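Here is run_0.cif, consisting of mmCIF, C-alpha atoms:
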data_upload
loop_
_atom_site.label_atom_id
_atom_site.label_comp_id
_atom_site.auth_asym_id
_atom_site.auth_seq_id
_atom_site.Cartn_x
_atom_site.Cartn_y
_atom_site.Cartn_z
CA MET H 1 38.18 -12.63 19.03
CA ASN H 2 40.78 -12.14 16.32
CA GLN H 3 40.27 -8.84 14.52
CA ASN H 4 40.59 -10.65 11.19
CA PHE H 5 37.81 -13.08 12.03
CA PHE H 6 35.17 -11.39 9.83
CA LYS H 7 37.65 -10.90 7.01
CA CYS H 8 38.13 -14.65 6.82
CA LEU H 9 34.42 -15.51 6.76
CA PRO H 10 33.08 -16.78 3.43
CA SER H 11 30.91 -14.14 1.78
CA GLU H 12 27.79 -16.35 1.91
CA ILE H 13 28.07 -16.56 5.71
CA THR H 14 28.54 -12.79 6.00
CA VAL H 15 25.46 -12.28 3.80
CA ASP H 16 23.47 -14.67 6.00
CA ILE H 17 24.50 -12.79 9.18
CA LEU H 18 23.94 -9.27 7.90
CA SER H 19 20.65 -10.15 6.18
CA ARG H 20 19.12 -11.01 9.56
CA LEU H 21 19.67 -7.48 10.87
CA PRO H 22 17.10 -4.65 10.75
CA ALA H 23 17.53 -2.16 7.93
CA ARG H 24 18.68 0.58 10.31
CA THR H 25 21.46 -1.66 11.66
CA VAL H 26 22.51 -2.76 8.17
CA ALA H 27 22.82 0.91 7.19
CA CYS H 28 25.32 1.32 10.03
CA CYS H 29 27.19 -1.83 8.97
CA LYS H 30 27.72 -0.32 5.51
CA CYS H 31 30.01 2.23 7.15
CA VAL H 32 32.22 -0.37 8.87
CA CYS H 33 34.38 -1.27 5.87
CA LYS H 34 34.35 -1.15 2.09
CA PRO H 35 33.81 -4.93 1.64
CA TRP H 36 30.60 -4.70 3.68
CA PHE H 37 29.56 -1.55 1.82
CA ASP H 38 29.93 -3.38 -1.50
CA LEU H 39 28.31 -6.55 -0.14
CA VAL H 40 25.12 -4.78 0.93
CA ARG H 41 24.64 -3.51 -2.62
CA THR H 42 24.80 -6.96 -4.25
CA SER H 43 21.63 -8.58 -5.61
CA GLU H 44 22.33 -11.63 -3.44
CA PHE H 45 22.24 -9.59 -0.23
CA VAL H 46 19.21 -7.56 -1.33
CA LYS H 47 17.28 -10.77 -1.99
CA TYR H 48 18.25 -12.46 1.30
CA HIS H 49 17.60 -9.37 3.41
CA LEU H 50 14.19 -8.79 1.81
CA SER H 51 13.15 -12.38 2.56
CA LYS H 52 13.83 -11.76 6.28
CA SER H 53 12.83 -8.10 6.52
CA VAL H 54 10.14 -7.35 9.12
CA PRO H 55 7.15 -5.27 7.92
CA THR H 56 6.87 -1.75 9.35
CA LEU H 57 4.30 1.03 9.42
CA LEU H 58 4.84 3.86 6.94
CA VAL H 59 2.93 7.06 7.64
CA PHE H 60 2.51 10.15 5.49
CA GLU H 61 1.90 13.20 7.71
CA ASN H 62 1.10 16.65 6.42
CA PRO H 63 0.78 19.03 9.40
CA ASN H 64 1.28 22.60 8.19
CA GLN H 65 2.14 21.22 4.74
CA SER H 66 5.32 19.57 6.06
CA LYS H 67 4.80 16.54 3.79
CA LEU H 68 6.74 14.16 6.03
CA TYR H 69 7.00 10.39 5.54
CA ARG H 70 7.92 8.30 8.59
CA VAL H 71 8.87 4.60 8.80
CA LEU H 72 7.93 3.13 12.20
CA GLU H 73 8.66 -0.23 13.82
CA PHE H 74 5.86 -2.27 15.37
CA GLU H 75 6.09 -3.59 18.92
CA ASP H 76 4.31 -6.86 18.33
CA ASP H 77 6.21 -9.22 20.61
CA LEU H 78 5.93 -7.42 23.94
CA ASN H 79 2.73 -9.15 25.10
CA LEU H 80 1.38 -5.86 26.39
CA GLU H 81 -1.90 -5.80 28.27
CA ARG H 82 -2.97 -2.93 26.05
CA HIS H 83 -1.56 -1.31 22.93
CA GLU H 84 -0.51 2.32 23.38
CA LEU H 85 -0.15 2.84 19.63
CA HIS H 86 3.46 3.83 20.09
CA PHE H 87 5.98 2.87 17.43
CA ASN H 88 9.77 2.99 17.28
CA PRO H 89 11.01 5.37 14.55
CA ILE H 90 13.32 3.85 11.92
CA THR H 91 13.69 6.73 9.49
CA GLU H 92 11.84 9.71 8.07
CA PHE H 93 12.15 11.65 4.85
CA ARG H 94 10.73 14.28 2.54
CA LEU H 95 10.96 14.25 -1.22
CA PRO H 96 13.06 17.15 -2.53
CA GLU H 97 11.83 20.45 -3.96
CA THR H 98 8.04 20.54 -4.03
CA TYR H 99 7.63 16.83 -4.76
CA HIS H 100 5.31 14.81 -2.55
CA GLY H 101 2.52 12.38 -3.04
CA ASP H 102 -0.16 10.17 -1.55
CA ILE H 103 0.88 6.56 -1.04
CA TYR H 104 -0.50 4.35 -3.79
CA GLY H 105 1.47 1.18 -3.05
CA SER H 106 4.41 -0.43 -1.28
CA VAL H 107 6.14 -3.45 -2.83
CA ASN H 108 9.47 -4.99 -1.75
CA GLY H 109 10.65 -1.76 -0.15
CA LEU H 110 9.63 0.46 -3.09
CA LEU H 111 6.92 3.10 -2.64
CA PHE H 112 4.62 4.29 -5.40
CA LEU H 113 3.52 7.89 -4.77
CA ARG H 114 1.15 10.11 -6.69
CA ASP H 115 1.11 13.91 -6.46
CA GLU H 116 -1.97 15.10 -4.59
CA ASN H 117 -2.68 17.68 -7.31
CA LEU H 118 -3.20 14.78 -9.73
CA LYS H 119 -0.77 16.18 -12.27
CA PRO H 120 0.08 13.72 -15.06
CA GLU H 121 3.77 14.04 -14.24
CA GLY H 122 3.30 13.66 -10.49
CA LEU H 123 4.19 9.96 -10.20
CA PHE H 124 7.15 8.70 -8.15
CA ILE H 125 8.84 5.45 -7.18
CA CYS H 126 11.17 5.77 -4.20
CA ASN H 127 13.05 3.70 -1.61
CA PRO H 128 13.23 5.31 1.86
CA ILE H 129 16.24 3.16 2.85
CA THR H 130 18.49 3.69 -0.18
CA ARG H 131 17.25 7.29 -0.51
CA ASP H 132 16.77 7.22 -4.26
CA TYR H 133 13.69 7.92 -6.37
CA ILE H 134 12.40 7.99 -9.94
CA LYS H 135 10.04 10.66 -11.21
CA LEU H 136 7.82 9.09 -13.86
CA GLU H 137 6.40 11.15 -16.67
CA GLY H 138 2.66 10.63 -17.01
CA PRO H 139 1.17 8.77 -19.99
CA PRO H 140 1.28 10.99 -23.10
CA GLU H 141 -2.44 10.45 -23.71
CA PHE H 142 -3.35 11.72 -20.24
CA VAL H 143 -5.45 14.88 -20.07
CA CYS H 144 -6.45 16.34 -16.70
CA SER H 145 -10.22 16.00 -16.58
CA ASP H 146 -12.99 14.62 -14.44
CA LYS H 147 -12.23 11.07 -15.49
CA HIS H 148 -12.04 8.43 -12.80
CA VAL H 149 -8.43 7.30 -12.61
CA ALA H 150 -7.19 4.22 -10.74
CA TYR H 151 -3.56 3.21 -10.30
CA GLY H 152 -1.76 0.09 -9.12
CA PHE H 153 1.84 -0.92 -8.49
CA GLY H 154 3.31 -4.41 -8.19
CA VAL H 155 5.86 -6.94 -9.42
CA SER H 156 5.27 -9.90 -11.73
CA LYS H 157 5.68 -13.28 -10.06
CA ILE H 158 8.07 -15.00 -12.52
CA SER H 159 9.95 -12.33 -14.48
CA GLY H 160 10.23 -9.94 -11.51
CA GLU H 161 9.20 -6.89 -13.55
CA TYR H 162 7.92 -3.91 -11.54
CA LYS H 163 4.90 -2.29 -13.20
CA VAL H 164 2.65 0.73 -12.71
CA VAL H 165 -0.86 0.24 -14.11
CA ARG H 166 -3.24 3.11 -14.86
CA ILE H 167 -6.96 2.73 -15.66
CA SER H 168 -9.24 5.65 -16.51
CA HIS H 169 -12.97 5.92 -17.27
CA GLU H 170 -15.57 8.46 -18.14
CA CYS H 171 -18.96 7.61 -16.67
CA HIS H 172 -22.33 8.99 -15.67
CA LEU H 173 -25.57 7.65 -14.20
CA GLU H 174 -28.20 6.51 -16.67
CA GLY H 175 -31.47 6.02 -14.90
CA VAL H 176 -31.69 4.71 -11.36
CA GLY H 177 -28.66 2.71 -10.26
CA ARG H 178 -27.31 2.17 -13.77
CA LEU H 179 -23.88 3.38 -14.88
CA ASN H 180 -23.04 4.43 -18.41
CA VAL H 181 -19.30 3.77 -18.55
CA SER H 182 -16.91 4.51 -21.40
CA ILE H 183 -14.41 1.88 -22.52
CA PRO H 184 -11.52 2.27 -20.07
CA GLU H 185 -8.12 3.49 -21.14
CA TRP H 186 -5.21 1.31 -20.03
CA GLN H 187 -1.55 2.27 -19.72
CA ILE H 188 1.28 0.18 -18.24
CA TYR H 189 4.72 1.41 -17.23
CA THR H 190 7.40 -1.25 -16.68
CA LEU H 191 10.33 0.07 -14.63
CA GLY H 192 13.48 0.03 -16.72
CA THR H 193 11.75 0.76 -20.04
CA GLY H 194 11.31 4.52 -19.62
CA SER H 195 7.93 4.63 -21.36
CA TRP H 196 4.22 3.81 -21.13
CA ARG H 197 2.41 1.42 -23.42
CA THR H 198 -1.23 0.64 -24.15
CA ASN H 199 -2.70 -2.79 -24.80
CA ILE H 200 -6.23 -2.68 -26.16
CA ALA H 201 -6.64 -6.41 -25.49
CA LEU H 202 -6.66 -5.66 -21.76
CA VAL H 203 -9.83 -3.63 -21.83
CA PRO H 204 -12.85 -5.17 -20.01
CA ASP H 205 -15.60 -2.87 -21.26
CA HIS H 206 -18.23 -4.18 -18.87
CA LEU H 207 -16.50 -3.13 -15.62
CA PHE H 208 -15.99 0.25 -13.99
CA VAL H 209 -12.96 0.42 -11.69
CA TYR H 210 -13.72 3.18 -9.21
CA GLY H 211 -10.95 5.77 -9.17
CA VAL H 212 -10.30 9.34 -8.17
CA THR H 213 -11.31 12.57 -9.94
CA ARG H 214 -9.82 16.01 -9.64
CA HIS H 215 -12.57 16.97 -7.20
CA SER H 216 -12.61 13.75 -5.17
CA PHE H 217 -11.53 13.61 -1.54
CA LEU H 218 -11.44 9.80 -1.41
CA SER H 219 -7.86 9.78 -2.77
CA THR H 220 -6.04 6.45 -2.69
CA ARG H 221 -8.10 3.81 -0.97
CA ASN H 222 -9.03 2.20 -4.27
CA SER H 223 -5.47 2.07 -5.50
CA GLY H 224 -4.67 -1.45 -6.62
CA VAL H 225 -4.06 -3.90 -3.79
CA PHE H 226 -1.08 -6.12 -4.59
CA LEU H 227 -0.76 -9.77 -3.56
CA ASN H 228 1.25 -12.62 -5.13
CA GLY H 229 1.81 -11.00 -8.51
CA ILE H 230 -1.79 -9.78 -8.90
CA LEU H 231 -3.35 -6.32 -8.53
CA HIS H 232 -6.91 -6.08 -7.18
CA TRP H 233 -9.41 -3.22 -7.40
CA LEU H 234 -13.01 -2.70 -6.35
CA ALA H 235 -15.12 -2.47 -9.49
CA TYR H 236 -18.74 -2.25 -10.59
CA ASP H 237 -20.52 -3.94 -13.46
CA ILE H 238 -22.99 -2.09 -15.70
CA ASN H 239 -25.78 -2.74 -13.18
CA GLY H 240 -23.83 -1.23 -10.30
CA HIS H 241 -23.02 -4.54 -8.60
CA LEU H 242 -19.72 -4.69 -6.72
CA GLN H 243 -16.98 -7.02 -7.97
CA ILE H 244 -13.24 -7.49 -7.44
CA PHE H 245 -11.22 -6.80 -10.60
CA CYS H 246 -7.95 -8.77 -10.72
CA PHE H 247 -4.99 -8.17 -13.05
CA ASP H 248 -2.10 -10.65 -13.38
CA LEU H 249 1.11 -8.66 -13.84
CA GLU H 250 2.92 -11.61 -15.46
CA THR H 251 0.41 -12.54 -18.16
CA GLU H 252 -1.30 -9.12 -18.23
CA ALA H 253 -4.65 -10.90 -18.24
CA TYR H 254 -7.62 -10.02 -16.03
CA PHE H 255 -10.23 -12.03 -14.18
CA GLY H 256 -12.95 -11.26 -11.68
CA LEU H 257 -13.95 -12.28 -8.17
CA SER H 258 -17.46 -11.95 -6.82
CA SER H 259 -18.05 -9.75 -3.78
CA PRO H 260 -19.40 -11.08 -0.47
CA LEU H 261 -21.41 -7.87 0.03
CA SER H 262 -25.05 -7.43 -0.87
CA HIS H 263 -24.83 -3.62 -1.04
CA THR H 264 -22.87 -1.30 -3.33
CA GLY H 265 -19.77 -1.26 -1.16
CA CYS H 266 -19.35 2.53 -1.02
CA PHE H 267 -17.59 2.15 2.35
CA ALA H 268 -15.77 -1.09 1.57
CA ALA H 269 -11.98 -1.34 1.41
CA LEU H 270 -9.74 -4.00 -0.09
CA CYS H 271 -6.55 -4.82 1.78
CA VAL H 272 -3.98 -7.54 2.47
CA LEU H 273 -3.83 -8.95 5.99
CA GLY H 274 -1.08 -11.51 6.47
CA ASP H 275 -1.03 -13.44 3.22
CA SER H 276 -4.73 -13.06 2.42
CA LEU H 277 -6.80 -10.72 0.32
CA CYS H 278 -9.43 -9.16 2.58
CA LEU H 279 -12.43 -6.89 2.28
CA CYS H 280 -13.49 -4.63 5.14
CA ASP H 281 -17.15 -3.58 5.19
CA SER H 282 -17.87 -0.49 7.31
CA VAL H 283 -21.43 0.16 6.14
CA PRO H 284 -23.67 -1.87 8.50
CA ASP H 285 -24.89 0.03 11.56
CA THR H 286 -24.22 -2.88 13.89
CA GLU H 287 -20.69 -4.05 13.04
CA VAL H 288 -17.52 -3.77 11.00
CA ALA H 289 -16.98 -7.01 9.08
CA ILE H 290 -13.73 -8.33 7.63
CA TRP H 291 -13.95 -10.95 4.89
CA SER H 292 -11.02 -13.04 3.62
CA VAL H 293 -10.51 -15.04 0.43
CA LYS H 294 -9.94 -18.74 1.14
CA GLU H 295 -9.12 -21.65 -1.15
CA ARG H 296 -11.78 -24.34 -1.31
CA GLY H 297 -10.48 -26.96 -3.73
CA ASP H 298 -10.11 -25.17 -7.06
CA LYS H 299 -12.44 -22.36 -5.99
CA LYS H 300 -11.92 -19.09 -4.13
CA VAL H 301 -14.59 -18.23 -1.58
CA TRP H 302 -15.12 -15.36 0.83
CA VAL H 303 -15.17 -16.23 4.54
CA LYS H 304 -16.10 -13.78 7.28
CA VAL H 305 -13.14 -13.84 9.68
CA LEU H 306 -13.99 -11.00 12.05
CA GLY H 307 -17.02 -9.02 13.13
CA ILE H 308 -16.51 -5.98 15.37
CA ARG H 309 -19.65 -4.69 17.03
CA LYS H 310 -20.06 -0.94 16.72
CA THR H 311 -20.30 0.08 20.34
CA SER H 312 -20.50 3.66 21.57
CA GLU H 313 -16.69 3.84 21.44
CA PHE H 314 -16.89 3.91 17.66
CA TYR H 315 -18.78 7.18 17.92
CA ASP H 316 -17.41 8.86 21.05
CA PHE H 317 -14.02 9.78 19.61
CA ASN H 318 -15.58 11.97 16.94
CA TYR H 319 -18.60 14.22 16.93
CA MET H 320 -19.76 12.81 13.62
CA ARG H 321 -21.72 9.62 13.13
CA PHE H 322 -19.32 6.80 12.30
CA THR H 323 -19.69 6.52 8.54
CA GLY H 324 -16.10 6.95 7.35
CA LEU H 325 -13.94 4.48 5.46
CA LEU H 326 -12.23 2.06 7.81
CA PHE H 327 -9.07 0.55 6.34
CA PRO H 328 -7.43 -2.46 8.08
CA ILE H 329 -3.63 -2.27 8.29
CA LYS H 330 -2.48 -5.13 10.51
CA ILE H 331 -3.74 -7.99 12.66
CA TYR H 332 -1.62 -8.42 15.79
CA LYS H 333 -0.64 -11.75 17.29
CA ASP H 334 -3.13 -11.28 20.13
CA GLY H 335 -5.99 -10.85 17.63
CA GLY H 336 -6.13 -7.06 17.80
CA VAL H 337 -6.58 -5.10 14.57
CA LEU H 338 -5.01 -1.78 13.59
CA PHE H 339 -7.13 0.41 11.28
CA GLU H 340 -6.82 3.76 9.60
CA TRP H 341 -10.03 5.74 9.80
CA ASP H 342 -10.75 8.43 7.18
CA GLY H 343 -7.13 9.60 7.03
CA HIS H 344 -7.22 11.18 10.49
CA TYR H 345 -6.99 8.41 13.05
CA LEU H 346 -5.21 5.19 13.79
CA VAL H 347 -7.78 2.98 15.48
CA PHE H 348 -6.89 -0.17 17.41
CA TYR H 349 -9.48 -2.80 18.19
CA ASP H 350 -8.57 -4.83 21.28
CA GLU H 351 -10.07 -8.26 20.61
CA LYS H 352 -9.37 -9.55 24.11
CA ASN H 353 -11.14 -6.71 25.94
CA ARG H 354 -13.50 -5.75 23.11
CA ARG H 355 -12.28 -2.18 23.32
CA ILE H 356 -11.44 0.60 20.86
CA GLU H 357 -8.35 2.78 21.21
CA TYR H 358 -7.35 5.55 18.87
CA ASP H 359 -4.55 7.98 18.18
CA GLU H 360 -5.09 11.19 16.24
CA PHE H 361 -2.40 12.36 13.81
CA ASN H 362 -1.93 15.99 12.98
CA ASN H 363 -3.83 16.96 9.87
CA TRP H 364 -4.17 14.51 6.97
CA HIS H 365 -2.21 11.28 7.01
CA GLN H 366 -2.01 7.86 5.43
CA ALA H 367 -0.68 4.66 6.93
CA VAL H 368 0.38 1.49 5.08
CA ILE H 369 2.42 -1.63 5.71
CA HIS H 370 5.93 -1.23 4.29
CA THR H 371 8.74 -3.82 4.20
CA PRO H 372 12.16 -2.09 4.19
CA SER H 373 14.69 -3.28 1.62
CA PHE H 374 17.98 -2.29 -0.03
CA LEU H 375 16.59 -2.66 -3.54
CA SER H 376 18.22 0.15 -5.50
CA LEU H 377 16.36 1.91 -8.28
CA LYS H 378 19.68 2.21 -10.12
CA ARG H 379 19.24 -1.39 -11.21
CA PHE H 380 16.55 -0.23 -13.65
CA ASP H 381 18.04 0.87 -16.97
CA MET H 382 16.49 3.76 -18.88
CA GLU H 383 15.43 5.48 -15.65
CA ASN H 384 16.67 8.83 -14.37
CA VAL H 385 17.39 8.06 -10.70
CA SER H 386 17.82 10.92 -8.20
CA THR H 387 18.65 10.93 -4.49
CA PHE H 388 17.16 12.72 -1.50
#

Using structure tokens, write down the structure from this file.
Amino acid sequence: MNQNFFKCLPSEITVDILSRLPARTVACCKCVCKPWFDLVRTSEFVKYHLSKSVPTLLVFENPNQSKLYRVLEFEDDLNLERHELHFNPITEFRLPETYHGDIYGSVNGLLFLRDENLKPEGLFICNPITRDYIKLEGPPEFVCSDKHVAYGFGVSKISGEYKVVRISHECHLEGVGRLNVSIPEWQIYTLGTGSWRTNIALVPDHLFVYGVTRHSFLSTRNSGVFLNGILHWLAYDINGHLQIFCFDLETEAYFGLSSPLSHTGCFAALCVLGDSLCLCDSVPDTEVAIWSVKERGDKKVWVKVLGIRKTSEFYDFNYMRFTGLLFPIKIYKDGGVLFEWDGHYLVFYDEKNRRIEYDEFNNWHQAVIHTPSFLSLKRFDMENVSTF
């Protein structure tokens, strides 16, 4: 092949070829020549590559306070008889200095992290592939207290604005099963503006969005779940009934979804599986149930899509009774489901053989689906972007 072959290719064809490659391979291609280096940084390439990028598993490990983030590739097309819970490493990183944070969201290759000490300034947006990050200052009104604080991160569907949403409440029980909840405080940070803003019109004073307090160990599993331009949280009305609170990032309007559960949902987890909003219910003694939102005409209804019977295997891998929060991460092509259990295990349910497999990580960890991209944070004006 003539050595000038690639030089003569139209740029749109080169973009199409390179955008089909995994992020790790594209990173190597950037070093081939300056035209490719410049091409990979264009908005056209970033958009095309993101549309073809294959989701990965991102894990936050903290053995001996190492605070390590790892991006791992799934082996979903091997048609294995059994899953060994082994993943191919793509990259790993640590934030510089003493910065680190629990994972509160992953959108289009950007991670939203919150410092585990719950400091108001401990908020970060970073991209593991481009190796840049933004340290967000906390809302000026924020005071460290025992308020319940919930966060969410997503991108609006039409304007493409990336936003961090913060909701905080003060609440206490009033009588049996009745919550006395203060009017929530709302702050929104749009990347590229450099500041937080408050919109009183957003406030739904009849709902309590469960969040995290300074003394809570439940951390991030009620961070906003993002799907199709909308953030979703588990919430309670004034009578303690579980609902799904939904916030449209484009219109900045909210609406609610009913819950399919008859109980309070203290061990329920919202998640996205495929292209569907799902709710995993770990409370019943007999099974783990996964519900999915389906369209029925102009209505949204909950449909139970999977029930996993709690056999002895659910209890044998830990000396404690199985009562922890089970968070679905991925449904494999063969019907198997990958879960995170209580921040200590990856649990795989083998649908074909009705079997549970697990893999223990060292110390605390989190695992989320993450789609690698070359979206640079330097595109956002008014932000102080650093590298690691």

Report as a tab-separated table (two decimals) with C-alpha atoms, in the frame of the given file the full result of the PyMOL selection byres ((chain H and resi 325-334) around 7) when it is applied to this structure.
chain	number	residue	atom	x	y	z
H	76	ASP	CA	4.31	-6.86	18.33
H	267	PHE	CA	-17.59	2.15	2.35
H	269	ALA	CA	-11.98	-1.34	1.41
H	271	CYS	CA	-6.55	-4.82	1.78
H	273	LEU	CA	-3.83	-8.95	5.99
H	280	CYS	CA	-13.49	-4.63	5.14
H	282	SER	CA	-17.87	-0.49	7.31
H	323	THR	CA	-19.69	6.52	8.54
H	324	GLY	CA	-16.10	6.95	7.35
H	335	GLY	CA	-5.99	-10.85	17.63
H	336	GLY	CA	-6.13	-7.06	17.80
H	337	VAL	CA	-6.58	-5.10	14.57
H	338	LEU	CA	-5.01	-1.78	13.59
H	339	PHE	CA	-7.13	0.41	11.28
H	340	GLU	CA	-6.82	3.76	9.60
H	341	TRP	CA	-10.03	5.74	9.80
H	342	ASP	CA	-10.75	8.43	7.18
H	368	VAL	CA	0.38	1.49	5.08
H	369	ILE	CA	2.42	-1.63	5.71

### Query
Taking the file as shown, what set of residues would the PyMOL selection byres ((chain H and resi 112) around 10) give back, as a list in words?
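That selection, the PyMOL selection byres ((chain H and resi 112) around 10), comes back as Gly101, Asp102, Ile103, Tyr104, Gly105, Ser106, Val107, Leu110, Leu111, Leu113, Arg114, Leu123, Phe124, Ile125, Cys126, Asn127, Tyr133, Ile134, Tyr151, Gly152, Phe153, Gly154 and Val164 of chain H.
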
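Between H:Pro89 and the candidates H:Cys29, H:Leu346, H:Leu39, H:Ala23, the tightest atom-to-atom separation, counting all atoms listed in the file, involves H:Ala23.
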
### Query
What's the 8 Å shell around H:Ser53, counting all atoms listed in the file, without same-chain residues fewer than 4 positions away, as an MDAnalysis selection string?
chainID H and resid 20 22:23 49 371:373

Limited to C-alpha atoms, could you put the picked residues into a file as a PDB file, in the coordinates of the input?
ATOM      1  CA  ARG H  20      19.120 -11.010   9.560  1.00  0.00           C
ATOM      2  CA  PRO H  22      17.100  -4.650  10.750  1.00  0.00           C
ATOM      3  CA  ALA H  23      17.530  -2.160   7.930  1.00  0.00           C
ATOM      4  CA  HIS H  49      17.600  -9.370   3.410  1.00  0.00           C
ATOM      5  CA  THR H 371       8.740  -3.820   4.200  1.00  0.00           C
ATOM      6  CA  PRO H 372      12.160  -2.090   4.190  1.00  0.00           C
ATOM      7  CA  SER H 373      14.690  -3.280   1.620  1.00  0.00           C
TER       8      SER H 373
END

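What separates atom CA of H:Glu170 from atom CA of H:Pro184 is a distance of 7.6 Å.
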
### Selected residue, from H:Leu279, H:Leu227, H:Leu249, H:Ile183, that lies nearest to H:Gly307 when counting all atoms listed in the file
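Among the listed residues, H:Leu279 lies closest to H:Gly307.
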
For H:Leu50, find every residue with an atom within 9 Å (counting all atoms listed in the file), except residues of its own chain fewer than 2 positions away, and show them as a compact mmCIF listing (two decimals) with C-alpha atoms, keeping the file's coordinate frame.
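Once everything was written out, this is result-v9.txt:
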# COMPACT_ATOMS: atom_id res chain seq x y z
CA SER H 19 20.65 -10.15 6.18
CA PHE H 45 22.24 -9.59 -0.23
CA VAL H 46 19.21 -7.56 -1.33
CA LYS H 47 17.28 -10.77 -1.99
CA TYR H 48 18.25 -12.46 1.30
CA LYS H 52 13.83 -11.76 6.28
CA SER H 53 12.83 -8.10 6.52
CA VAL H 54 10.14 -7.35 9.12
CA ASN H 108 9.47 -4.99 -1.75
CA GLY H 109 10.65 -1.76 -0.15
CA THR H 371 8.74 -3.82 4.20
CA PRO H 372 12.16 -2.09 4.19
CA SER H 373 14.69 -3.28 1.62
CA PHE H 374 17.98 -2.29 -0.03
CA LEU H 375 16.59 -2.66 -3.54

Please evaluate the PyMOL selection byres ((chain H and resi 166) around 7) against the structure above and give the resulting residues as a PDB file with C-alpha atoms, in the frame of the given file.
ATOM      1  CA  ALA H 150      -7.190   4.220 -10.740  1.00  0.00           C
ATOM      2  CA  TYR H 151      -3.560   3.210 -10.300  1.00  0.00           C
ATOM      3  CA  GLY H 152      -1.760   0.090  -9.120  1.00  0.00           C
ATOM      4  CA  VAL H 164       2.650   0.730 -12.710  1.00  0.00           C
ATOM      5  CA  VAL H 165      -0.860   0.240 -14.110  1.00  0.00           C
ATOM      6  CA  ILE H 167      -6.960   2.730 -15.660  1.00  0.00           C
ATOM      7  CA  SER H 168      -9.240   5.650 -16.510  1.00  0.00           C
ATOM      8  CA  TRP H 186      -5.210   1.310 -20.030  1.00  0.00           C
ATOM      9  CA  GLN H 187      -1.550   2.270 -19.720  1.00  0.00           C
ATOM     10  CA  ILE H 188       1.280   0.180 -18.240  1.00  0.00           C
TER      11      ILE H 188
END

### Task
Could you give me, as a ChimeraX atom specification, the residues within 7 Å of H:Leu377, counting only C-alpha atoms and dropping anything in the same chain fewer than 3 positions from it?
/H:132-133,380,385

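Neighbours of H:Trp233 closer than or equal to 6 Å, with all atoms listed in the file counted and sequence neighbours fewer than 5 positions away skipped, come out as Gly224, Ile244 and Phe245 of chain H.
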
#### Entry: Selection near H:Glu250, 12 Å with only C-alpha atoms, sequence-local residues under 4 positions removed, as a PyMOL selection string
chain H and resi 154-163+190+228-231+254

### Summary
What separates atom CA of H:Ser43 and atom CA of H:Ser195 is a distance of 24.7 Å

### Query
When distances are computed from only C-alpha atoms, which of H:Ile90, H:Val303, H:Ala27, H:Ile308 shows the smallest separation from H:Thr286?
H:Ile308

### Task
Work out how far apart atom CA of H:Ile129 and atom CA of H:Phe74 are and give it in Å to one decimal.
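We find that atom CA of H:Ile129 and atom CA of H:Phe74 lie 17.1 Å from each other.
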
Edge lengths and centre in Å to one decimal, as JSON, of the axis-aligned box that encloses all listed atoms of stretch 189-200 of chain H with 8 Å added on every side?
{"center_x": 3.6, "center_y": 0.9, "center_z": -20.4, "size_x": 35.7, "size_y": 23.4, "size_z": 27.5}
